[in-house]
file entry-v7.pdb (PDB, C-alpha atoms)
ATOM      1  CA  MET A  22     168.435  20.003  62.673
ATOM      2  CA  THR A  23     165.643  22.390  61.661
ATOM      3  CA  LEU A  24     164.293  22.627  58.113
ATOM      4  CA  GLY A  25     165.908  26.054  57.646
ATOM      5  CA  VAL A  26     169.358  24.736  58.584
ATOM      6  CA  PHE A  27     168.804  21.663  56.402
ATOM      7  CA  LEU A  28     167.988  23.744  53.302
ATOM      8  CA  ALA A  29     170.836  26.166  53.996
ATOM      9  CA  VAL A  30     173.363  23.319  54.114
ATOM     10  CA  LEU A  31     172.016  21.930  50.821
ATOM     11  CA  CYS A  32     172.527  25.369  49.255
ATOM     12  CA  ALA A  33     176.070  25.390  50.612
ATOM     13  CA  ALA A  34     176.642  21.968  49.029
ATOM     14  CA  LEU A  35     175.608  23.268  45.593
ATOM     15  CA  LEU A  36     177.870  26.302  45.939
ATOM     16  CA  HIS A  37     180.769  24.052  46.950
ATOM     17  CA  ALA A  38     180.354  21.802  43.926
ATOM     18  CA  GLY A  39     180.144  24.897  41.727
ATOM     19  CA  TRP A  40     183.440  26.424  42.803
ATOM     20  CA  ASN A  41     185.194  23.064  42.432
ATOM     21  CA  ALA A  42     183.948  22.936  38.848
ATOM     22  CA  ILE A  43     185.492  26.367  38.230
ATOM     23  CA  ILE A  44     188.838  25.171  39.618
ATOM     24  CA  LYS A  45     188.682  22.136  37.325
ATOM     25  CA  THR A  46     188.229  24.354  34.237
ATOM     26  CA  GLY A  47     191.531  26.186  34.783
ATOM     27  CA  LEU A  48     194.605  25.260  32.724
ATOM     28  CA  SER A  49     196.748  25.459  35.868
ATOM     29  CA  LYS A  50     194.854  24.084  38.832
ATOM     30  CA  GLN A  51     197.254  25.641  41.348
ATOM     31  CA  THR A  52     196.859  29.041  39.648
ATOM     32  CA  SER A  53     193.092  28.648  39.821
ATOM     33  CA  MET A  54     193.388  27.747  43.495
ATOM     34  CA  PHE A  55     195.637  30.763  44.124
ATOM     35  CA  LEU A  56     193.028  33.048  42.535
ATOM     36  CA  LEU A  57     190.342  31.416  44.649
ATOM     37  CA  SER A  58     192.394  31.835  47.818
ATOM     38  CA  THR A  59     193.149  35.487  47.049
ATOM     39  CA  GLY A  60     189.524  36.230  46.253
ATOM     40  CA  GLN A  61     188.429  34.535  49.458
ATOM     41  CA  ALA A  62     190.862  36.666  51.449
ATOM     42  CA  VAL A  63     189.544  39.898  49.910
ATOM     43  CA  ILE A  64     185.913  38.955  50.517
ATOM     44  CA  GLY A  65     186.708  37.641  53.967
ATOM     45  CA  LEU A  66     188.531  40.794  55.008
ATOM     46  CA  VAL A  67     185.687  43.035  53.849
ATOM     47  CA  VAL A  68     183.137  40.926  55.724
ATOM     48  CA  ALA A  69     185.277  40.563  58.842
ATOM     49  CA  LEU A  70     185.942  44.308  59.160
ATOM     50  CA  CYS A  71     182.196  44.931  59.200
ATOM     51  CA  LEU A  72     181.667  42.646  62.186
ATOM     52  CA  PRO A  73     183.002  42.421  65.747
ATOM     53  CA  LEU A  74     186.224  40.494  66.215
ATOM     54  CA  PRO A  75     185.888  36.848  67.217
ATOM     55  CA  ALA A  76     186.602  36.117  70.869
ATOM     56  CA  PRO A  77     190.303  35.738  71.766
ATOM     57  CA  GLU A  78     189.735  32.037  72.435
ATOM     58  CA  ALA A  79     188.941  31.548  68.721
ATOM     59  CA  TRP A  80     192.288  32.737  67.338
ATOM     60  CA  PRO A  81     194.290  29.562  68.049
ATOM     61  CA  TRP A  82     191.589  27.671  66.180
ATOM     62  CA  LEU A  83     191.846  30.160  63.300
ATOM     63  CA  LEU A  84     195.612  29.720  62.989
ATOM     64  CA  ALA A  85     195.358  25.938  63.132
ATOM     65  CA  SER A  86     192.581  25.950  60.559
ATOM     66  CA  GLY A  87     194.591  28.220  58.261
ATOM     67  CA  VAL A  88     197.338  25.603  58.096
ATOM     68  CA  VAL A  89     194.830  22.806  57.472
ATOM     69  CA  HIS A  90     193.104  24.827  54.742
ATOM     70  CA  MET A  91     196.468  25.394  53.061
ATOM     71  CA  CYS A  92     197.013  21.618  52.924
ATOM     72  CA  TYR A  93     193.467  21.107  51.646
ATOM     73  CA  GLN A  94     193.925  23.580  48.791
ATOM     74  CA  LEU A  95     197.271  22.125  47.722
ATOM     75  CA  PHE A  96     196.053  18.518  47.805
ATOM     76  CA  LEU A  97     192.823  19.310  45.961
ATOM     77  CA  ALA A  98     194.516  21.222  43.137
ATOM     78  CA  TYR A  99     197.069  18.434  42.680
ATOM     79  CA  ALA A 100     194.240  15.873  42.568
ATOM     80  CA  TYR A 101     192.388  17.808  39.862
ATOM     81  CA  GLU A 102     195.551  17.745  37.777
ATOM     82  CA  GLN A 103     195.249  13.942  37.738
ATOM     83  CA  GLY A 104     191.524  13.142  37.472
ATOM     84  CA  ASP A 105     187.988  14.143  36.518
ATOM     85  CA  LEU A 106     185.638  16.189  38.677
ATOM     86  CA  SER A 107     183.221  13.278  39.081
ATOM     87  CA  ARG A 108     186.005  11.042  40.449
ATOM     88  CA  VAL A 109     188.236  13.362  42.441
ATOM     89  CA  TYR A 110     185.404  15.162  44.164
ATOM     90  CA  PRO A 111     183.664  12.082  45.627
ATOM     91  CA  ILE A 112     186.938  10.733  46.997
ATOM     92  CA  ALA A 113     188.111  14.096  48.316
ATOM     93  CA  ARG A 114     184.790  14.759  50.041
ATOM     94  CA  GLY A 115     183.697  11.223  50.763
ATOM     95  CA  ALA A 116     186.033  10.049  53.491
ATOM     96  CA  ALA A 117     185.713  13.261  55.489
ATOM     97  CA  PRO A 118     182.291  12.745  57.168
ATOM     98  CA  MET A 119     183.269   9.292  58.331
ATOM     99  CA  LEU A 120     186.370  10.709  60.019
ATOM    100  CA  VAL A 121     184.331  13.562  61.522
ATOM    101  CA  LEU A 122     181.764  11.078  62.826
ATOM    102  CA  VAL A 123     184.363   8.924  64.560
ATOM    103  CA  VAL A 124     186.011  11.907  66.236
ATOM    104  CA  SER A 125     182.643  13.416  67.212
ATOM    105  CA  LEU A 126     181.476  10.199  68.828
ATOM    106  CA  LEU A 127     184.755   9.633  70.664
ATOM    107  CA  PHE A 128     185.719  13.113  71.800
ATOM    108  CA  LEU A 129     182.840  15.590  71.421
ATOM    109  CA  SER A 130     179.542  16.017  73.263
ATOM    110  CA  ASP A 131     177.219  16.135  70.237
ATOM    111  CA  ASP A 132     174.252  13.759  70.482
ATOM    112  CA  LEU A 133     173.229  11.956  67.293
ATOM    113  CA  GLU A 134     169.978  10.013  67.004
ATOM    114  CA  ALA A 135     169.836   6.567  65.411
ATOM    115  CA  GLY A 136     168.271   7.942  62.219
ATOM    116  CA  ALA A 137     171.093  10.419  61.781
ATOM    117  CA  LEU A 138     173.688   7.697  62.328
ATOM    118  CA  TRP A 139     172.017   5.460  59.744
ATOM    119  CA  GLY A 140     171.842   8.408  57.370
ATOM    120  CA  ILE A 141     175.544   9.052  57.718
ATOM    121  CA  ALA A 142     176.259   5.339  57.196
ATOM    122  CA  VAL A 143     174.187   5.209  53.992
ATOM    123  CA  LEU A 144     175.870   8.386  52.795
ATOM    124  CA  GLY A 145     179.209   6.724  53.397
ATOM    125  CA  CYS A 146     178.211   3.680  51.320
ATOM    126  CA  GLY A 147     177.095   5.897  48.454
ATOM    127  CA  ILE A 148     180.258   7.937  48.602
ATOM    128  CA  ALA A 149     182.456   4.814  48.629
ATOM    129  CA  LEU A 150     180.615   3.405  45.612
ATOM    130  CA  MET A 151     180.955   6.734  43.805
ATOM    131  CA  ALA A 152     184.711   6.698  44.370
ATOM    132  CA  ARG A 153     185.526   3.071  43.479
ATOM    133  CA  GLY A 154     185.397   3.720  39.753
ATOM    134  CA  VAL A 155     188.894   5.142  39.836
ATOM    135  CA  LEU A 156     190.169   1.610  40.464
ATOM    136  CA  THR A 157     188.106  -0.071  37.738
ATOM    137  CA  SER A 158     187.900   2.451  34.881
ATOM    138  CA  GLY A 159     191.575   2.824  34.016
ATOM    139  CA  GLU A 160     191.839   6.364  35.368
ATOM    140  CA  SER A 161     195.096   7.599  36.871
ATOM    141  CA  ARG A 162     195.626   6.219  40.358
ATOM    142  CA  ARG A 163     198.013   9.066  41.087
ATOM    143  CA  LEU A 164     194.990  11.146  42.090
ATOM    144  CA  LEU A 165     194.318   8.868  45.075
ATOM    145  CA  PRO A 166     196.933  10.097  47.587
ATOM    146  CA  PHE A 167     196.106  13.728  46.837
ATOM    147  CA  ALA A 168     192.347  13.131  47.006
ATOM    148  CA  PHE A 169     192.653  11.236  50.288
ATOM    149  CA  GLY A 170     194.938  13.962  51.634
ATOM    150  CA  SER A 171     192.248  16.478  50.772
ATOM    151  CA  ALA A 172     189.669  14.325  52.583
ATOM    152  CA  LEU A 173     191.818  14.182  55.696
ATOM    153  CA  ALA A 174     192.246  17.954  55.609
ATOM    154  CA  THR A 175     188.494  18.384  55.137
ATOM    155  CA  ALA A 176     187.826  16.346  58.253
ATOM    156  CA  GLY A 177     190.443  18.380  60.112
ATOM    157  CA  TYR A 178     189.064  21.790  59.257
ATOM    158  CA  THR A 179     185.445  20.648  59.737
ATOM    159  CA  LEU A 180     186.188  19.774  63.354
ATOM    160  CA  THR A 181     188.539  22.712  63.949
ATOM    161  CA  ASP A 182     186.172  25.310  62.549
ATOM    162  CA  GLY A 183     183.089  23.794  64.117
ATOM    163  CA  LEU A 184     184.714  24.140  67.531
ATOM    164  CA  GLY A 185     186.356  27.481  66.744
ATOM    165  CA  ALA A 186     183.100  29.041  65.528
ATOM    166  CA  ARG A 187     181.348  27.930  68.699
ATOM    167  CA  VAL A 188     183.801  29.798  70.927
ATOM    168  CA  SER A 189     184.152  32.790  68.594
ATOM    169  CA  GLY A 190     180.733  34.288  69.219
ATOM    170  CA  GLU A 191     180.772  35.559  65.606
ATOM    171  CA  PRO A 192     180.719  32.611  63.157
ATOM    172  CA  VAL A 193     180.568  34.765  60.001
ATOM    173  CA  ALA A 194     183.440  36.974  61.191
ATOM    174  CA  TYR A 195     185.311  33.794  62.078
ATOM    175  CA  VAL A 196     185.010  32.562  58.472
ATOM    176  CA  GLY A 197     186.096  35.986  57.179
ATOM    177  CA  TRP A 198     189.304  35.984  59.175
ATOM    178  CA  LEU A 199     189.853  32.314  58.330
ATOM    179  CA  MET A 200     189.927  33.115  54.613
ATOM    180  CA  VAL A 201     192.589  35.766  55.241
ATOM    181  CA  VAL A 202     194.717  33.467  57.398
ATOM    182  CA  ALA A 203     194.428  30.596  54.887
ATOM    183  CA  ALA A 204     195.629  32.840  52.030
ATOM    184  CA  VAL A 205     198.587  34.003  54.120
ATOM    185  CA  PHE A 206     199.679  30.370  54.496
ATOM    186  CA  TYR A 207     198.771  29.148  51.003
ATOM    187  CA  THR A 208     200.431  31.842  48.871
ATOM    188  CA  PRO A 209     204.058  31.300  49.989
ATOM    189  CA  ALA A 210     203.506  27.531  49.975
ATOM    190  CA  VAL A 211     202.334  27.393  46.351
ATOM    191  CA  ILE A 212     205.106  29.775  45.227
ATOM    192  CA  ALA A 213     207.677  27.528  46.896
ATOM    193  CA  LEU A 214     206.248  24.471  45.132
ATOM    194  CA  ARG A 215     205.518  25.899  41.674
ATOM    195  CA  GLY A 216     207.429  29.182  41.394
ATOM    196  CA  ARG A 217     206.125  32.671  40.652
ATOM    197  CA  ALA A 218     204.671  31.546  37.317
ATOM    198  CA  VAL A 219     201.722  30.202  39.276
ATOM    199  CA  LEU A 220     200.707  33.799  40.049
ATOM    200  CA  ARG A 221     200.385  34.903  36.413
ATOM    201  CA  THR A 222     196.969  34.929  34.751
ATOM    202  CA  ASP A 223     194.652  37.113  32.649
ATOM    203  CA  ALA A 224     191.507  39.135  33.352
ATOM    204  CA  ARG A 225     189.253  36.154  32.647
ATOM    205  CA  GLY A 226     191.184  34.097  35.172
ATOM    206  CA  TRP A 227     190.759  36.744  37.839
ATOM    207  CA  ALA A 228     187.037  37.035  37.062
ATOM    208  CA  LEU A 229     186.519  33.286  37.383
ATOM    209  CA  GLY A 230     188.627  33.261  40.530
ATOM    210  CA  MET A 231     186.445  35.892  42.168
ATOM    211  CA  VAL A 232     183.254  34.037  41.212
ATOM    212  CA  ALA A 233     184.686  30.842  42.686
ATOM    213  CA  ALA A 234     185.809  32.736  45.787
ATOM    214  CA  ALA A 235     182.345  34.200  46.345
ATOM    215  CA  ALA A 236     180.741  30.762  45.992
ATOM    216  CA  SER A 237     183.310  29.190  48.294
ATOM    217  CA  PHE A 238     182.975  31.870  50.955
ATOM    218  CA  GLY A 239     179.184  31.660  50.890
ATOM    219  CA  ALA A 240     179.237  27.878  51.076
ATOM    220  CA  TYR A 241     181.596  27.730  54.023
ATOM    221  CA  ALA A 242     180.018  30.619  55.922
ATOM    222  CA  ILE A 243     176.696  28.772  55.751
ATOM    223  CA  ALA A 244     178.331  25.510  56.842
ATOM    224  CA  VAL A 245     180.161  27.010  59.824
ATOM    225  CA  TRP A 246     177.008  28.839  60.901
ATOM    226  CA  ALA A 247     175.087  25.559  60.645
ATOM    227  CA  MET A 248     177.667  23.857  62.871
ATOM    228  CA  THR A 249     176.692  26.267  65.637
ATOM    229  CA  LYS A 250     173.050  25.183  65.285
ATOM    230  CA  ALA A 251     173.319  21.418  64.735
ATOM    231  CA  PRO A 252     175.747  18.529  65.456
ATOM    232  CA  ILE A 253     179.047  18.936  63.596
ATOM    233  CA  ALA A 254     179.052  15.374  62.235
ATOM    234  CA  LEU A 255     175.510  15.729  60.885
ATOM    235  CA  VAL A 256     176.276  19.030  59.142
ATOM    236  CA  GLY A 257     179.498  17.588  57.765
ATOM    237  CA  ALA A 258     177.684  14.562  56.357
ATOM    238  CA  LEU A 259     174.825  16.551  54.833
ATOM    239  CA  ARG A 260     177.332  18.793  53.067
ATOM    240  CA  GLU A 261     178.489  15.716  51.182
ATOM    241  CA  THR A 262     175.364  15.916  49.014
ATOM    242  CA  SER A 263     177.625  18.276  47.069
ATOM    243  CA  ILE A 264     178.971  15.037  45.562
ATOM    244  CA  LEU A 265     175.643  14.526  43.798
ATOM    245  CA  PHE A 266     175.763  18.082  42.470
ATOM    246  CA  ALA A 267     179.393  17.663  41.357
ATOM    247  CA  VAL A 268     178.617  14.442  39.486
ATOM    248  CA  LEU A 269     175.736  16.132  37.662
ATOM    249  CA  ILE A 270     177.941  19.129  36.801
ATOM    250  CA  GLY A 271     180.697  16.809  35.579
ATOM    251  CA  TRP A 272     178.244  14.887  33.410
ATOM    252  CA  TRP A 273     176.421  17.944  32.032
ATOM    253  CA  PHE A 274     179.290  20.407  31.524
ATOM    254  CA  PHE A 275     182.450  18.272  31.276
ATOM    255  CA  GLY A 276     181.068  15.197  29.550
ATOM    256  CA  ASP A 277     182.067  12.804  32.359
ATOM    257  CA  ARG A 278     180.703   9.288  31.853
ATOM    258  CA  MET A 279     177.570   8.443  33.860
ATOM    259  CA  ASP A 280     177.492   4.682  34.503
ATOM    260  CA  ARG A 281     175.296   2.482  36.692
ATOM    261  CA  GLY A 282     177.681   2.749  39.621
ATOM    262  CA  LYS A 283     177.377   6.509  39.667
ATOM    263  CA  VAL A 284     173.579   6.336  39.439
ATOM    264  CA  LEU A 285     173.357   3.854  42.318
ATOM    265  CA  ALA A 286     175.756   5.921  44.383
ATOM    266  CA  ALA A 287     173.635   9.027  43.761
ATOM    267  CA  VAL A 288     170.528   7.166  44.944
ATOM    268  CA  LEU A 289     172.315   6.088  48.136
ATOM    269  CA  ILE A 290     173.455   9.637  48.795
ATOM    270  CA  VAL A 291     169.908  10.953  48.423
ATOM    271  CA  ALA A 292     168.642   8.171  50.699
ATOM    272  CA  GLY A 293     171.243   9.142  53.299
ATOM    273  CA  VAL A 294     170.050  12.742  53.187
ATOM    274  CA  VAL A 295     166.449  11.610  53.728
ATOM    275  CA  LEU A 296     167.465   9.477  56.711
ATOM    276  CA  THR A 297     169.204  12.421  58.362
ATOM    277  CA  ARG A 298     165.837  14.202  58.324
ATOM    278  CA  LEU A 299     163.836  11.388  59.968
TER     279      LEU A 299
END

call {"tool": "encode", "arguments": {"input": "entry-v7.pdb", "output": "structure tokens"}}
result
Amino acid sequence: MTLGVFLAVLCAALLHAGWNAIIKTGLSKQTSMFLLSTGQAVIGLVVALCLPLPAPEAWPWLLASGVVHMCYQLFLAYAYEQGDLSRVYPIARGAAPMLVLVVSLLFLSDDLEAGALWGIAVLGCGIALMARGVLTSGESRRLLPFAFGSALATAGYTLTDGLGARVSGEPVAYVGWLMVVAAVFYTPAVIALRGRAVLRTDARGWALGMVAAAASFGAYAIAVWAMTKAPIALVGALRETSILFAVLIGWWFFGDRMDRGKVLAAVLIVAGVVLTRL
């Protein structure tokens, strides 16, 4: 992984933590997610129409990823209804790189050096420590199945989109069309689960939704592009530094408690990032 790709993925991590914070601020998390999804589709369509179509071989990957993204959005919004940003986010993001690593080692051709493997392992330890507080701090355990469902979906779309972008020939156009496909799946799903009331909001809600959508699109476009330049598992793990950003945002803006466990976990995450660069 070159320095340029490394810095780009860190920027994507900050953007990802930022849009999650916007979702957490909404009164209705599913409404906030609907606004995000709609905004992503608008931005994605504009970007995609300005670029060549992805190769035909990429479209099955796009459809599969659209379904996985729908599950990810539903699980994540449900999780944020149950817990704080600094708890839900580490769990939702934390298990994903470990799953990606296992699949990459077993089924893909990416080569990972020992330093990168150790970096991913240290990242995993930090992420696990960051997440354990939900079991010891008296917070609602109902967030766990939704957060873990989000993690599983994250692993699924990381692998699907990493492979799909590689065969598409146009990774940015691929992400644009993906945002459209994901919205097509998510909108009827959330209406079926929550009714049409989930679609109602005010001008401020739409404005925040578009800001979140722009951050989300930028973050994922960078990540998918990076997956065409570096091993998928390594990119997926480095993106998890967004956990550090999310914890800081939760502490600074939402007043989430910062205890020793969170500090130690943050140190481990930073150490894991350093190891991936050795």

call {"tool": "axis_aligned_box", "arguments": {"input": "entry-v7.pdb", "around": "stretch 195-205 of chain A", "padding_each_side": "5 Å", "output": "lines of an AutoDock Vina configuration file"}}
result
center_x = 191.8
center_y = 33.3
center_z = 57.1
size_x = 23.6
size_y = 15.4
size_z = 20.0

call {"tool": "residues_around", "arguments": {"input": "entry-v7.pdb", "residues": "stretch 215-225 of chain A", "least_positions_apart": "3", "cutoff": "9 Å", "atoms": "all atoms listed in the file", "output": "PyMOL selection string"}}
result
chain A and resi 49+51-53+55-56+210-212+228-230

call {"tool": "resolve_selection", "arguments": {"input": "entry-v7.pdb", "expression": "the PyMOL selection byres ((chain A and resi 96-102) around 6)", "output": "ChimeraX atom specification"}}
result
/A:50-51,93-95,103-104,164,167-168,171

call {"tool": "atom_distance", "arguments": {"input": "entry-v7.pdb", "atom1": "atom CA of A:Ala142", "atom2": "atom CA of A:Gly293"}}
result
7.4 Å

call {"tool": "residues_around", "arguments": {"input": "entry-v7.pdb", "residues": "A:Leu165", "least_positions_apart": "3", "cutoff": "9 Å", "atoms": "only C-alpha atoms", "output": "list in words"}}
result
Ala100, Gln103, Val109, Ile112, Ala113, Val155, Ser161, Arg162, Ala168, Phe169 and Gly170 of chain A

call {"tool": "resolve_selection", "arguments": {"input": "entry-v7.pdb", "expression": "the PyMOL selection byres ((chain A and resi 235) around 12)", "output": "PyMOL selection string"}}
result
chain A and resi 33+36-37+39-40+43+56-65+68+197+200+228-234+236-242

call {"tool": "closest_residue", "arguments": {"input": "entry-v7.pdb", "among": "A:Leu150, A:Ala34, A:Val143, A:Ala42", "to": "A:Trp272", "atoms": "all atoms listed in the file"}}
result
A:Ala42

call {"tool": "resolve_selection", "arguments": {"input": "entry-v7.pdb", "expression": "the PyMOL selection byres ((chain A and resi 289) around 8)", "output": "PDB file with C-alpha atoms, keeping the file's coordinate frame"}}
result
ATOM      1  CA  VAL A 143     174.187   5.209  53.992  1.00  0.00           C
ATOM      2  CA  LEU A 144     175.870   8.386  52.795  1.00  0.00           C
ATOM      3  CA  CYS A 146     178.211   3.680  51.320  1.00  0.00           C
ATOM      4  CA  GLY A 147     177.095   5.897  48.454  1.00  0.00           C
ATOM      5  CA  LEU A 285     173.357   3.854  42.318  1.00  0.00           C
ATOM      6  CA  ALA A 286     175.756   5.921  44.383  1.00  0.00           C
ATOM      7  CA  ALA A 287     173.635   9.027  43.761  1.00  0.00           C
ATOM      8  CA  VAL A 288     170.528   7.166  44.944  1.00  0.00           C
ATOM      9  CA  ILE A 290     173.455   9.637  48.795  1.00  0.00           C
ATOM     10  CA  VAL A 291     169.908  10.953  48.423  1.00  0.00           C
ATOM     11  CA  ALA A 292     168.642   8.171  50.699  1.00  0.00           C
ATOM     12  CA  GLY A 293     171.243   9.142  53.299  1.00  0.00           C
TER      13      GLY A 293
END

call {"tool": "residues_around", "arguments": {"input": "entry-v7.pdb", "residues": "A:Ile264", "least_positions_apart": "4", "cutoff": "9 Å", "atoms": "all atoms listed in the file", "output": "number ranges by chain"}}
result
A: 34-35, 38, 107, 110-111, 114-115, 148, 151, 260, 268-269, 287, 290

call {"tool": "atom_distance", "arguments": {"input": "entry-v7.pdb", "atom1": "atom CA of A:Leu106", "atom2": "atom CA of A:Lys45"}}
result
6.8 Å

call {"tool": "residues_around", "arguments": {"input": "entry-v7.pdb", "residues": "A:Ala203", "least_positions_apart": "4", "cutoff": "10 Å", "atoms": "all atoms listed in the file", "output": "list of chain:residue names"}}
result
A:Ser58, A:Thr59, A:Gln61, A:Ala62, A:Leu83, A:Leu84, A:Ala85, A:Ser86, A:Gly87, A:Val88, A:Val89, A:His90, A:Met91, A:Cys92, A:Gln94, A:Trp198, A:Leu199, A:Tyr207, A:Thr208

call {"tool": "atom_distance", "arguments": {"input": "entry-v7.pdb", "atom1": "atom CA of A:Val26", "atom2": "atom CA of A:Thr262"}}
result
14.3 Å

call {"tool": "residues_around", "arguments": {"input": "entry-v7.pdb", "residues": "A:Gly183", "least_positions_apart": "5", "cutoff": "9 Å", "atoms": "only C-alpha atoms", "output": "MDAnalysis selection string"}}
result
chainID A and resid 178 244:249 253

call {"tool": "closest_residue", "arguments": {"input": "entry-v7.pdb", "among": "A:Leu138, A:Ala204, A:Val294, A:Leu265", "to": "A:Ala152", "atoms": "all atoms listed in the file"}}
result
A:Leu265
